[in-house]
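Peer 1: Have a look at this one.
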Amino acid sequence: MISAGDFIADVVRADNAAGTYSQRVQTRFPPEPNGYLHIGHAKAITADFGIAKQFGGICNLRFDDTNPDTEEVEYVESIIDDIAWLGFTPAQVLYASDYFEALYQWAESLIERGLAYVDDQDQEAISAQRGGYGKPGVESPYRNRTVEENLDLFRRMRAGQFADGAKTLRAKIDMQSDNMQMRDPVMYRIRRGHHHRTGDAWVIYPMYDWAHGQSDALEGVTHSMCTLEFVSNRTLYDWYLSHLDLPYEKPQQLEFARLELTYTVTSKRKLKQLVDDGVVDGWDDPRMPTLQGVRRRGYPAAAIRNFCTHIGINKTNSRHAIEELESFVRAELNRVAQRRMAVVRPLKLVIDNWPTEDGRTIAEARQAGEDAPAVTQWFEIPNNPENPEDGTRLVPFSGQLWIEAEDFAEVPPPKFFRLSPGKEVRLRGAFLVTATEAVKDGDGKVVEVRATYDPASKGGNAPDGRKVKSTMHWVSADHGCDAEVRLYERMFTNDAPGSTTGDPLDDLNPASMEVLAAKVEPALAPVEGGVAPGQVVQFERIGYFAADPRTPMLFHRTVGLKDDWASLQKRS
């Protein structure tokens with residue numbers, strides 16, 4: 001629910017107290033289906049649906065489908081899916097195209113009252129005549145056509161008798177207004193694109209400002225919420241509504257700050273360029289800020305909702321640290337994600353004194369030049385220490401293991417408490433082991449570590465009470481499975497992409513993804529039941545990883561375990 005301190009909630013309370021809408025609250029989320037929703041839309045969705053819920057009202061999903069050249073059914077379907085994934089259910093799914101006839105009739109009514117006219121100039125001429133701030137506008141030479149001529153031309157526009165761009169319908173307001181939006185804005189343009197719902201029935205399409213407020217009015221919207229860039233459009237929104245015979249009380253437009261994140265770009269045009277240029281592998285690439293992308297990466301819907309509620313609705317644009325969003329993701333996943341062991345940069349650890357099935361040790365079998373099967377032990381390990389109800393699982397342990405390469409140092413640096421020659425460590429839930437030797441290849445690279453284990457330390461505790469300073473995760477080499485793991489860094493190197501050069505894509509990070517061949521415990525493999533597509537688990541000591549929804553044994557790092565937001569707060 002949206003915080004009670006948000007200014008829009010205060011407006012709604014005041015309206016309810018005054019009986020402005022008979023205590024009725026109705027909002028809408030009005031995306032244009034010309035691309036995929038991104039993380040910035042999540043705030044608008046949360047606000048629109050949250051305000052309606054808070055005051056016992058309803059929220060519709062209404063597609064602003066007024067541009068046939070850029071809109072596709074694919075985008076419509078993805079938006080509906082994204083909203084459902086976020087946890088919201090529209091009262092109705094509507095389309096601006098539902099109102100094309102009503103909008104047209106209203107446009108004729110403005111013409112009949114001398115408040116709209118057909119202009120024969122092209123867009124370039126119209127833009128030049130609008131002037132600028134401190135620069136007066138110039139009236140169109142077609143501004144004073146008669147009502148009869150304008151009605152005839154407008155009807156012929158609808159009938160398809162003119163070429164695309166040959167004429168427009170403009171509102172007749174004030175070419176000297178300080179508000180540029182009021183300088184005879186275009187209401188309709190001729191465009192022969194095939195519409196995804198109305199087909200070729202229309203060749204004229206309403207502009208956003210003409211379709212938006214009137215769609216609100218036709219639906220009975222009370223509070224029409226949008227982002228701050230539409231502040232100057234509010235006067236035009238009100239002007240249109242004040243000159244029409246409305247079926248409900250006049251809705252009011254309320255503007256709030258949009259959600260911007262550091263190291264993130266939400267321009268649909270730029271995101272489409274990333275897809276078209278092959279920089280990413282689609283709109284749902286886990287590096288993308290689209291809801292499809294963050295969903296594939298493993299962001300929980302609850303974390304996004306909680307973050308949007310936390311930052312609230314305000315009137316000042318600001319850029320939030322992406323680490324703050326990640327802290328909400330991490331907190332939610334820590335609560336719900338089961339734990340598993342995976343090694344993303346594998347190094348073989350051989351326990352020389354581990355028994356083989358024929359009664360020898362691994363070292364003795366090796367000395368004889370034989371590869372005797374090692375004994376397998378099973379350890380019961382909690383699935384999630386944060387939630388005992390998640391139970392436990394059995395994890396196989398053998399004399400040959402995979403450990404992280406970074407967990408061994410032949411010559412350890414200061415304060416290195418992990419494995420090194422002569423150093424004892426705890427293997428998570430299993431035994432204490434001590435490294436004895438590093439085996440190298442011809443280039444001097446360590447390819448195997450030899451060690452011994454203490455049989456009396458089963459479960460990871462020594463009977464004599466001696467302490468070790470490090471606990472390491474591991475995967476049995478005899479039972480582990482191969483997996484592909486993708487690690488992600490910031491997609492952009494600048495916290496405000498494009499702020500230096502003007503083009504955000506100049507700040508692309510060429511090292512935003514690293515692909516690794518990992519070893520994972522068998523509980524992650526499909527043959528063992530595995531994880532559900534899209535499920536997020538915690539790879540112990542590494543981070544949270546989402547199972548790819550389409551490709552088995554592919555895991556995307558959602559976030560690491562370190563709370564970078566907490567660190568930033570301490571430094572600030």
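Chain identifiers are assigned as A, B, and so on, following the order in which chains appear in the structure tokens; residues are numbered from 1 within each chain, and ligands are numbered from 1 in order of appearance.
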Can you pull out the residues contacting stretch 348-353 of chain A? Cut-off 10 Å, using only C-alpha atoms, and skip same-chain residues under 4 positions away; I want them as a ChimeraX atom specification.
Peer 2: /A:360-366,398-405,408,433-439,446-455,474-477
Peer 1: Write out as JSON, numbers by chain the residues lying within 9 Å of stretch 174-178 of chain A, counting only C-alpha atoms and excluding same-chain residues fewer than 5 positions away.
Peer 2: {"A": [129, 130, 131, 132, 133, 134, 135, 136, 137, 138, 139, 183, 184]}
Peer 1: Please save N, CA, C and O atoms of the selected residues as an mmCIF file, in the first residue's frame.
Peer 2:
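For reference, again33.cif as written:
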```
data_model
loop_
_atom_site.group_PDB
_atom_site.id
_atom_site.type_symbol
_atom_site.label_atom_id
_atom_site.label_comp_id
_atom_site.auth_asym_id
_atom_site.auth_seq_id
_atom_site.Cartn_x
_atom_site.Cartn_y
_atom_site.Cartn_z
ATOM 1 N N GLN A 129 6.297 27.815 -36.303
ATOM 2 C CA GLN A 129 5.373 28.896 -35.962
ATOM 3 C C GLN A 129 5.008 28.923 -34.480
ATOM 4 O O GLN A 129 4.501 29.943 -33.999
ATOM 5 N N ARG A 130 5.281 27.834 -33.788
ATOM 6 C CA ARG A 130 4.938 27.820 -32.360
ATOM 7 C C ARG A 130 5.824 28.751 -31.554
ATOM 8 O O ARG A 130 5.500 29.106 -30.421
ATOM 9 N N GLY A 131 6.959 29.150 -32.116
ATOM 10 C CA GLY A 131 7.845 30.041 -31.385
ATOM 11 C C GLY A 131 8.567 29.304 -30.287
ATOM 12 O O GLY A 131 8.902 28.127 -30.408
ATOM 13 N N GLY A 132 8.805 29.997 -29.185
ATOM 14 C CA GLY A 132 9.520 29.401 -28.068
ATOM 15 C C GLY A 132 9.316 30.231 -26.832
ATOM 16 O O GLY A 132 8.579 31.227 -26.839
ATOM 17 N N TYR A 133 9.974 29.855 -25.769
ATOM 18 C CA TYR A 133 9.847 30.621 -24.533
ATOM 19 C C TYR A 133 10.452 32.004 -24.742
ATOM 20 O O TYR A 133 11.628 32.140 -25.081
ATOM 21 N N GLY A 134 9.620 33.027 -24.570
ATOM 22 C CA GLY A 134 10.061 34.398 -24.826
ATOM 23 C C GLY A 134 9.985 34.790 -26.281
ATOM 24 O O GLY A 134 10.315 35.921 -26.641
ATOM 25 N N LYS A 135 9.570 33.851 -27.133
ATOM 26 C CA LYS A 135 9.460 34.129 -28.564
ATOM 27 C C LYS A 135 8.019 33.899 -28.974
ATOM 28 O O LYS A 135 7.486 32.809 -28.805
ATOM 29 N N PRO A 136 7.330 34.936 -29.505
ATOM 30 C CA PRO A 136 5.898 34.802 -29.791
ATOM 31 C C PRO A 136 5.620 33.772 -30.879
ATOM 32 O O PRO A 136 6.438 33.528 -31.764
ATOM 33 N N GLY A 137 4.442 33.180 -30.803
ATOM 34 C CA GLY A 137 4.012 32.256 -31.832
ATOM 35 C C GLY A 137 3.396 32.994 -33.009
ATOM 36 O O GLY A 137 3.019 34.163 -32.909
ATOM 37 N N VAL A 138 3.301 32.303 -34.118
ATOM 38 C CA VAL A 138 2.712 32.877 -35.334
ATOM 39 C C VAL A 138 1.485 32.058 -35.684
ATOM 40 O O VAL A 138 1.541 30.821 -35.769
ATOM 41 N N GLU A 139 0.360 32.732 -35.887
ATOM 42 C CA GLU A 139 -0.881 32.024 -36.200
ATOM 43 C C GLU A 139 -0.824 31.417 -37.592
ATOM 44 O O GLU A 139 -0.282 32.004 -38.527
ATOM 45 N N ARG A 183 -0.307 26.426 -27.435
ATOM 46 C CA ARG A 183 -0.198 27.133 -28.706
ATOM 47 C C ARG A 183 -0.741 26.248 -29.837
ATOM 48 O O ARG A 183 0.003 25.607 -30.578
ATOM 49 N N ASP A 184 -2.045 26.196 -29.891
ATOM 50 C CA ASP A 184 -2.770 25.458 -30.934
ATOM 51 C C ASP A 184 -2.207 24.055 -31.154
ATOM 52 O O ASP A 184 -1.698 23.731 -32.245
#
```
Peer 1: Just give me the gap between atom CA of A:Val93 and atom CA of A:Pro30 in Å, one decimal is fine.
Peer 2: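 Between these atoms lies a distance of 10.1 Å.
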Peer 1: Among stretch 265-396 of chain A, which ones does DSSP assign to alpha helix (DSSP H) (computed from the backbone)? Answer as a compact mmCIF listing (two decimals) with all heavy atoms, in the first residue's frame.
Peer 2:
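Result written to out_32.txt:
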```txt
# COMPACT_ATOMS: atom_id res chain seq x y z
N LYS A 268 12.96 3.89 -23.85
CA LYS A 268 12.56 2.77 -24.72
C LYS A 268 13.37 2.77 -26.01
O LYS A 268 13.72 1.71 -26.53
CB LYS A 268 11.07 2.87 -25.05
CG LYS A 268 10.13 2.47 -23.93
CD LYS A 268 8.69 2.53 -24.40
CE LYS A 268 7.72 2.17 -23.29
NZ LYS A 268 6.30 2.25 -23.76
N ARG A 269 13.66 3.95 -26.51
CA ARG A 269 14.41 4.05 -27.76
C ARG A 269 15.82 3.47 -27.60
O ARG A 269 16.31 2.72 -28.45
CB ARG A 269 14.48 5.50 -28.23
CG ARG A 269 15.20 5.71 -29.55
CD ARG A 269 15.04 7.15 -30.02
NE ARG A 269 15.59 8.09 -29.04
CZ ARG A 269 16.87 8.46 -29.00
NH1 ARG A 269 17.74 7.95 -29.86
NH2 ARG A 269 17.29 9.33 -28.10
N LYS A 270 16.46 3.80 -26.49
CA LYS A 270 17.81 3.29 -26.24
C LYS A 270 17.79 1.80 -25.93
O LYS A 270 18.68 1.04 -26.35
CB LYS A 270 18.47 4.08 -25.11
CG LYS A 270 18.81 5.51 -25.46
CD LYS A 270 19.80 5.56 -26.63
CE LYS A 270 20.17 6.99 -26.98
NZ LYS A 270 21.11 7.03 -28.16
N LEU A 271 16.79 1.36 -25.20
CA LEU A 271 16.69 -0.07 -24.91
C LEU A 271 16.46 -0.86 -26.18
O LEU A 271 17.04 -1.94 -26.37
CB LEU A 271 15.57 -0.32 -23.90
CG LEU A 271 15.76 0.28 -22.50
CD1 LEU A 271 14.56 -0.04 -21.63
CD2 LEU A 271 17.04 -0.22 -21.84
N LYS A 272 15.63 -0.34 -27.06
CA LYS A 272 15.39 -1.02 -28.34
C LYS A 272 16.67 -1.07 -29.16
O LYS A 272 16.95 -2.07 -29.84
CB LYS A 272 14.29 -0.30 -29.12
CG LYS A 272 13.86 -1.04 -30.39
CD LYS A 272 12.68 -0.33 -31.05
CE LYS A 272 12.14 -1.16 -32.21
NZ LYS A 272 13.15 -1.39 -33.25
N GLN A 273 17.46 -0.02 -29.09
CA GLN A 273 18.73 0.00 -29.82
C GLN A 273 19.66 -1.09 -29.30
O GLN A 273 20.36 -1.75 -30.08
CB GLN A 273 19.39 1.37 -29.70
CG GLN A 273 20.65 1.52 -30.55
CD GLN A 273 21.23 2.93 -30.49
OE1 GLN A 273 20.55 3.89 -30.10
NE2 GLN A 273 22.50 3.07 -30.87
N LEU A 274 19.68 -1.30 -27.99
CA LEU A 274 20.51 -2.37 -27.43
C LEU A 274 20.09 -3.73 -27.97
O LEU A 274 20.93 -4.58 -28.26
CB LEU A 274 20.40 -2.36 -25.90
CG LEU A 274 21.00 -1.17 -25.15
CD1 LEU A 274 20.68 -1.26 -23.66
CD2 LEU A 274 22.52 -1.12 -25.36
N VAL A 275 18.77 -3.91 -28.10
CA VAL A 275 18.26 -5.18 -28.62
C VAL A 275 18.59 -5.31 -30.11
O VAL A 275 19.12 -6.32 -30.56
CB VAL A 275 16.74 -5.29 -28.38
CG1 VAL A 275 16.19 -6.56 -29.05
CG2 VAL A 275 16.44 -5.32 -26.89
N ASP A 276 18.28 -4.26 -30.87
CA ASP A 276 18.48 -4.31 -32.32
C ASP A 276 19.94 -4.46 -32.70
O ASP A 276 20.27 -5.12 -33.70
CB ASP A 276 17.91 -3.04 -32.97
CG ASP A 276 16.39 -2.96 -32.88
OD1 ASP A 276 15.76 -4.00 -32.59
OD2 ASP A 276 15.83 -1.86 -33.08
N LEU A 291 10.98 -5.14 -16.99
CA LEU A 291 10.44 -6.07 -16.00
C LEU A 291 10.68 -7.51 -16.42
O LEU A 291 10.89 -8.39 -15.58
CB LEU A 291 8.96 -5.79 -15.78
CG LEU A 291 8.63 -4.44 -15.14
CD1 LEU A 291 7.13 -4.32 -14.86
CD2 LEU A 291 9.42 -4.21 -13.85
N GLN A 292 10.66 -7.76 -17.74
CA GLN A 292 10.98 -9.09 -18.22
C GLN A 292 12.43 -9.45 -17.89
O GLN A 292 12.74 -10.59 -17.55
CB GLN A 292 10.77 -9.16 -19.73
CG GLN A 292 9.33 -8.96 -20.18
CD GLN A 292 8.48 -10.21 -20.08
OE1 GLN A 292 8.98 -11.31 -20.24
NE2 GLN A 292 7.21 -10.04 -19.79
N GLY A 293 13.32 -8.47 -17.99
CA GLY A 293 14.73 -8.71 -17.71
C GLY A 293 15.02 -8.96 -16.24
O GLY A 293 15.70 -9.92 -15.88
N VAL A 294 14.48 -8.10 -15.37
CA VAL A 294 14.74 -8.28 -13.93
C VAL A 294 14.04 -9.52 -13.41
O VAL A 294 14.52 -10.18 -12.47
CB VAL A 294 14.35 -7.03 -13.11
CG1 VAL A 294 15.17 -5.82 -13.56
CG2 VAL A 294 12.86 -6.74 -13.21
N ARG A 295 12.94 -9.87 -14.03
CA ARG A 295 12.24 -11.11 -13.65
C ARG A 295 13.09 -12.32 -13.98
O ARG A 295 13.23 -13.25 -13.18
CB ARG A 295 10.90 -11.15 -14.38
CG ARG A 295 10.03 -12.37 -14.10
CD ARG A 295 8.75 -12.21 -14.89
NE ARG A 295 7.84 -13.32 -14.74
CZ ARG A 295 6.66 -13.40 -15.33
NH1 ARG A 295 6.26 -12.40 -16.12
NH2 ARG A 295 5.87 -14.44 -15.16
N ARG A 296 13.67 -12.33 -15.19
CA ARG A 296 14.54 -13.44 -15.59
C ARG A 296 15.79 -13.49 -14.72
O ARG A 296 16.34 -14.56 -14.44
CB ARG A 296 14.92 -13.29 -17.06
CG ARG A 296 15.68 -14.49 -17.62
CD ARG A 296 15.96 -14.29 -19.09
NE ARG A 296 16.78 -15.36 -19.64
CZ ARG A 296 17.49 -15.26 -20.75
NH1 ARG A 296 17.46 -14.15 -21.46
NH2 ARG A 296 18.23 -16.27 -21.17
N ARG A 297 16.24 -12.33 -14.27
CA ARG A 297 17.42 -12.27 -13.41
C ARG A 297 17.11 -12.77 -12.00
O ARG A 297 18.03 -13.12 -11.26
CB ARG A 297 17.95 -10.83 -13.38
CG ARG A 297 19.24 -10.67 -12.61
CD ARG A 297 19.91 -9.36 -12.93
NE ARG A 297 21.10 -9.14 -12.14
CZ ARG A 297 22.02 -8.22 -12.41
NH1 ARG A 297 21.88 -7.45 -13.48
NH2 ARG A 297 23.07 -8.06 -11.65
N ALA A 301 8.97 -10.08 -7.32
CA ALA A 301 7.99 -9.01 -7.49
C ALA A 301 7.76 -8.28 -6.17
O ALA A 301 7.60 -7.05 -6.14
CB ALA A 301 6.68 -9.58 -8.02
N ALA A 302 7.75 -9.03 -5.06
CA ALA A 302 7.51 -8.41 -3.75
C ALA A 302 8.58 -7.39 -3.41
O ALA A 302 8.31 -6.35 -2.82
CB ALA A 302 7.45 -9.48 -2.67
N ALA A 303 9.83 -7.68 -3.80
CA ALA A 303 10.93 -6.74 -3.51
C ALA A 303 10.75 -5.45 -4.28
O ALA A 303 11.00 -4.34 -3.76
CB ALA A 303 12.27 -7.39 -3.85
N ILE A 304 10.31 -5.54 -5.53
CA ILE A 304 10.09 -4.34 -6.34
C ILE A 304 8.94 -3.52 -5.77
O ILE A 304 9.03 -2.29 -5.65
CB ILE A 304 9.82 -4.73 -7.80
CG1 ILE A 304 11.06 -5.41 -8.39
CG2 ILE A 304 9.44 -3.50 -8.62
CD1 ILE A 304 10.86 -5.94 -9.79
N ARG A 305 7.87 -4.20 -5.39
CA ARG A 305 6.74 -3.48 -4.78
C ARG A 305 7.17 -2.79 -3.49
O ARG A 305 6.83 -1.61 -3.26
CB ARG A 305 5.58 -4.44 -4.47
CG ARG A 305 4.92 -5.05 -5.69
CD ARG A 305 3.58 -5.69 -5.30
NE ARG A 305 3.70 -6.64 -4.22
CZ ARG A 305 3.90 -7.94 -4.37
NH1 ARG A 305 4.03 -8.45 -5.59
NH2 ARG A 305 3.98 -8.76 -3.33
N ASN A 306 7.90 -3.50 -2.65
CA ASN A 306 8.34 -2.92 -1.37
C ASN A 306 9.26 -1.72 -1.59
O ASN A 306 9.17 -0.72 -0.86
CB ASN A 306 9.04 -3.98 -0.53
CG ASN A 306 8.11 -5.08 -0.07
OD1 ASN A 306 6.89 -4.89 -0.04
ND2 ASN A 306 8.66 -6.22 0.29
N PHE A 307 10.13 -1.82 -2.57
CA PHE A 307 11.03 -0.70 -2.88
C PHE A 307 10.23 0.52 -3.34
O PHE A 307 10.47 1.64 -2.87
CB PHE A 307 12.03 -1.12 -3.95
CG PHE A 307 12.86 0.00 -4.48
CD1 PHE A 307 13.83 0.60 -3.70
CD2 PHE A 307 12.68 0.46 -5.78
CE1 PHE A 307 14.60 1.65 -4.19
CE2 PHE A 307 13.44 1.50 -6.29
CZ PHE A 307 14.41 2.10 -5.49
N CYS A 308 9.28 0.31 -4.25
CA CYS A 308 8.49 1.43 -4.76
C CYS A 308 7.67 2.08 -3.65
O CYS A 308 7.53 3.30 -3.59
CB CYS A 308 7.58 0.96 -5.89
SG CYS A 308 8.47 0.50 -7.40
N THR A 309 7.14 1.26 -2.76
CA THR A 309 6.39 1.79 -1.63
C THR A 309 7.30 2.57 -0.70
O THR A 309 6.94 3.63 -0.18
CB THR A 309 5.70 0.65 -0.86
OG1 THR A 309 4.82 -0.04 -1.74
CG2 THR A 309 4.91 1.18 0.33
N HIS A 310 8.52 2.05 -0.50
CA HIS A 310 9.49 2.70 0.40
C HIS A 310 9.88 4.09 -0.10
O HIS A 310 9.91 5.04 0.69
CB HIS A 310 10.73 1.81 0.51
CG HIS A 310 11.90 2.47 1.15
ND1 HIS A 310 11.97 2.70 2.51
CD2 HIS A 310 13.06 2.98 0.63
CE1 HIS A 310 13.11 3.30 2.80
NE2 HIS A 310 13.78 3.49 1.67
N ILE A 311 10.15 4.23 -1.39
CA ILE A 311 10.59 5.55 -1.88
C ILE A 311 9.41 6.51 -1.98
O ILE A 311 9.60 7.72 -1.97
CB ILE A 311 11.31 5.44 -3.24
CG1 ILE A 311 10.38 4.89 -4.32
CG2 ILE A 311 12.55 4.57 -3.11
CD1 ILE A 311 11.02 4.87 -5.70
N ILE A 322 20.97 2.23 -7.32
CA ILE A 322 20.50 0.88 -7.64
C ILE A 322 20.81 -0.07 -6.49
O ILE A 322 20.11 -1.07 -6.30
CB ILE A 322 21.12 0.38 -8.97
CG1 ILE A 322 20.36 -0.85 -9.45
CG2 ILE A 322 22.61 0.13 -8.80
CD1 ILE A 322 20.72 -1.26 -10.86
N GLU A 323 21.82 0.26 -5.70
CA GLU A 323 22.13 -0.58 -4.53
C GLU A 323 20.97 -0.60 -3.54
O GLU A 323 20.79 -1.59 -2.82
CB GLU A 323 23.40 -0.06 -3.84
CG GLU A 323 24.68 -0.24 -4.63
CD GLU A 323 24.96 0.90 -5.59
OE1 GLU A 323 24.08 1.81 -5.72
OE2 GLU A 323 26.03 0.90 -6.21
N GLU A 324 20.19 0.49 -3.50
CA GLU A 324 19.04 0.52 -2.59
C GLU A 324 17.97 -0.49 -3.04
O GLU A 324 17.40 -1.22 -2.22
CB GLU A 324 18.45 1.92 -2.53
CG GLU A 324 17.35 2.07 -1.49
CD GLU A 324 16.85 3.50 -1.38
OE1 GLU A 324 17.24 4.36 -2.21
OE2 GLU A 324 16.07 3.78 -0.45
N LEU A 325 17.71 -0.52 -4.34
CA LEU A 325 16.78 -1.53 -4.86
C LEU A 325 17.31 -2.93 -4.59
O LEU A 325 16.57 -3.82 -4.16
CB LEU A 325 16.57 -1.32 -6.36
CG LEU A 325 15.83 -2.44 -7.10
CD1 LEU A 325 14.44 -2.65 -6.53
CD2 LEU A 325 15.76 -2.13 -8.60
N GLU A 326 18.60 -3.13 -4.81
CA GLU A 326 19.19 -4.45 -4.60
C GLU A 326 19.09 -4.89 -3.14
O GLU A 326 18.97 -6.09 -2.86
CB GLU A 326 20.65 -4.46 -5.06
CG GLU A 326 20.80 -4.36 -6.56
CD GLU A 326 22.24 -4.20 -7.00
OE1 GLU A 326 23.08 -3.80 -6.16
OE2 GLU A 326 22.54 -4.45 -8.17
N SER A 327 19.10 -3.94 -2.23
CA SER A 327 18.98 -4.30 -0.81
C SER A 327 17.60 -4.88 -0.53
O SER A 327 17.46 -5.80 0.29
CB SER A 327 19.26 -3.10 0.08
OG SER A 327 18.20 -2.14 0.03
N PHE A 328 16.57 -4.37 -1.21
CA PHE A 328 15.23 -4.94 -1.05
C PHE A 328 15.15 -6.33 -1.69
O PHE A 328 14.50 -7.23 -1.15
CB PHE A 328 14.18 -4.01 -1.68
CG PHE A 328 13.81 -2.85 -0.80
CD1 PHE A 328 14.57 -1.70 -0.76
CD2 PHE A 328 12.68 -2.93 0.02
CE1 PHE A 328 14.23 -0.64 0.06
CE2 PHE A 328 12.33 -1.87 0.85
CZ PHE A 328 13.11 -0.72 0.88
N VAL A 329 15.81 -6.49 -2.83
CA VAL A 329 15.87 -7.80 -3.48
C VAL A 329 16.56 -8.81 -2.57
O VAL A 329 16.07 -9.93 -2.35
CB VAL A 329 16.60 -7.69 -4.83
CG1 VAL A 329 16.85 -9.08 -5.43
CG2 VAL A 329 15.82 -6.82 -5.80
N ARG A 330 17.67 -8.40 -2.01
CA ARG A 330 18.46 -9.30 -1.15
C ARG A 330 17.67 -9.68 0.10
O ARG A 330 17.67 -10.84 0.53
CB ARG A 330 19.77 -8.61 -0.78
CG ARG A 330 20.79 -9.49 -0.09
CD ARG A 330 22.07 -8.72 0.15
NE ARG A 330 22.75 -8.39 -1.09
CZ ARG A 330 22.80 -7.18 -1.63
NH1 ARG A 330 22.17 -6.15 -1.03
NH2 ARG A 330 23.45 -6.96 -2.75
N ALA A 331 16.99 -8.71 0.71
CA ALA A 331 16.24 -8.98 1.94
C ALA A 331 15.12 -9.98 1.67
O ALA A 331 14.88 -10.89 2.48
CB ALA A 331 15.69 -7.68 2.50
N GLU A 332 14.43 -9.82 0.55
CA GLU A 332 13.34 -10.74 0.23
C GLU A 332 13.88 -12.14 -0.07
O GLU A 332 13.34 -13.14 0.40
CB GLU A 332 12.56 -10.21 -0.97
CG GLU A 332 11.41 -11.09 -1.43
CD GLU A 332 10.27 -11.19 -0.43
OE1 GLU A 332 10.21 -10.37 0.51
OE2 GLU A 332 9.44 -12.12 -0.57
N LEU A 333 14.97 -12.21 -0.83
CA LEU A 333 15.52 -13.51 -1.18
C LEU A 333 16.12 -14.21 0.03
O LEU A 333 16.05 -15.44 0.14
CB LEU A 333 16.57 -13.36 -2.28
CG LEU A 333 16.03 -12.95 -3.65
CD1 LEU A 333 17.16 -12.76 -4.64
CD2 LEU A 333 15.04 -13.98 -4.18
N ASN A 334 16.71 -13.45 0.93
CA ASN A 334 17.26 -14.07 2.14
C ASN A 334 16.16 -14.76 2.94
O ASN A 334 16.39 -15.80 3.57
CB ASN A 334 17.93 -13.01 3.01
CG ASN A 334 18.59 -13.60 4.23
OD1 ASN A 334 19.47 -14.45 4.13
ND2 ASN A 334 18.16 -13.17 5.41
N ARG A 335 14.97 -14.22 2.83
CA ARG A 335 13.84 -14.79 3.56
C ARG A 335 13.29 -16.04 2.89
O ARG A 335 12.90 -17.00 3.57
CB ARG A 335 12.74 -13.73 3.69
CG ARG A 335 11.55 -14.13 4.54
CD ARG A 335 10.54 -12.99 4.61
NE ARG A 335 9.94 -12.70 3.33
CZ ARG A 335 8.89 -13.37 2.84
NH1 ARG A 335 8.36 -14.36 3.54
NH2 ARG A 335 8.39 -13.05 1.67
N VAL A 336 13.25 -16.06 1.56
CA VAL A 336 12.52 -17.13 0.87
C VAL A 336 13.39 -18.11 0.09
O VAL A 336 12.93 -19.21 -0.22
CB VAL A 336 11.48 -16.52 -0.10
CG1 VAL A 336 10.51 -15.62 0.65
CG2 VAL A 336 12.15 -15.75 -1.24
N ILE A 362 42.43 -43.10 -0.75
CA ILE A 362 42.62 -42.57 -2.11
C ILE A 362 44.10 -42.52 -2.44
O ILE A 362 44.52 -42.87 -3.56
CB ILE A 362 41.96 -41.19 -2.25
CG1 ILE A 362 40.44 -41.33 -2.26
CG2 ILE A 362 42.45 -40.46 -3.50
CD1 ILE A 362 39.68 -40.02 -2.38
N ALA A 363 44.92 -42.10 -1.47
CA ALA A 363 46.37 -42.01 -1.71
C ALA A 363 46.96 -43.38 -2.03
O ALA A 363 47.79 -43.52 -2.94
CB ALA A 363 47.07 -41.39 -0.50
N GLU A 364 46.53 -44.41 -1.29
CA GLU A 364 47.04 -45.76 -1.54
C GLU A 364 46.62 -46.26 -2.92
O GLU A 364 47.41 -46.90 -3.63
CB GLU A 364 46.54 -46.71 -0.45
CG GLU A 364 47.17 -46.43 0.91
CD GLU A 364 46.49 -47.19 2.04
OE1 GLU A 364 45.34 -47.66 1.84
OE2 GLU A 364 47.10 -47.30 3.11
N ALA A 365 45.39 -46.00 -3.29
CA ALA A 365 44.93 -46.42 -4.61
C ALA A 365 45.71 -45.71 -5.71
O ALA A 365 46.08 -46.31 -6.73
CB ALA A 365 43.44 -46.15 -4.76
N ARG A 366 45.99 -44.45 -5.51
CA ARG A 366 46.75 -43.69 -6.50
C ARG A 366 48.17 -44.21 -6.63
O ARG A 366 48.72 -44.31 -7.73
CB ARG A 366 46.76 -42.21 -6.13
CG ARG A 366 45.48 -41.46 -6.51
CD ARG A 366 45.68 -39.96 -6.37
NE ARG A 366 44.62 -39.20 -7.00
CZ ARG A 366 44.66 -37.89 -7.21
NH1 ARG A 366 45.74 -37.20 -6.82
NH2 ARG A 366 43.66 -37.26 -7.80
N GLN A 367 48.76 -44.51 -5.48
CA GLN A 367 50.12 -45.04 -5.51
C GLN A 367 50.19 -46.34 -6.29
O GLN A 367 51.21 -46.67 -6.92
CB GLN A 367 50.63 -45.25 -4.09
CG GLN A 367 50.94 -43.95 -3.36
CD GLN A 367 51.24 -44.14 -1.88
OE1 GLN A 367 51.21 -45.28 -1.39
NE2 GLN A 367 51.53 -43.05 -1.18
```
Peer 1: Which residues are close to stretch 55-63 of chain A, i.e. within 6 Å by only C-alpha atoms, leaving aside same-chain residues fewer than 2 positions away? Reply as a VMD selection string.
Peer 2: chain A and resid 25 to 32 49 52 to 53 65 90 to 95
Peer 1: If DSSP is run on the backbone, what residues of stretch 200-324 of chain A are strand (DSSP E)? A reply as a list in words would be ideal.
Peer 2: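 Reading the DSSP output for stretch 200-324 of chain A, strand (DSSP E) covers Ile204, Tyr205, Pro206, His223, Ser224, Met225, Cys226, Thr227, Gln252, Gln253, Leu254, Glu255, Phe256, Leu259, Glu260, Leu261, Ser318, Arg319 and His320 of chain A.
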Peer 1: Provide the atom CA of A:Ala102 to atom CA of A:Tyr205 distance in Å, to one decimal place.
Peer 2: 12.5 Å
Peer 1: Taking 4 positions as the minimum chain separation for residues in the same chain, which residues sit within 12 Å of A:Arg541 when counting only C-alpha atoms? Answer as a list in words.
Peer 2: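 My reading of the contact set: Arg339, Arg340, Met341, Ala342, Val343, Val344, Ile403, Glu404, Asp407, Arg428, Ser470, Thr471, Met472, His473, Trp474, Val537, Phe545, Val559, Gly560, Leu561 and Lys562 of chain A.
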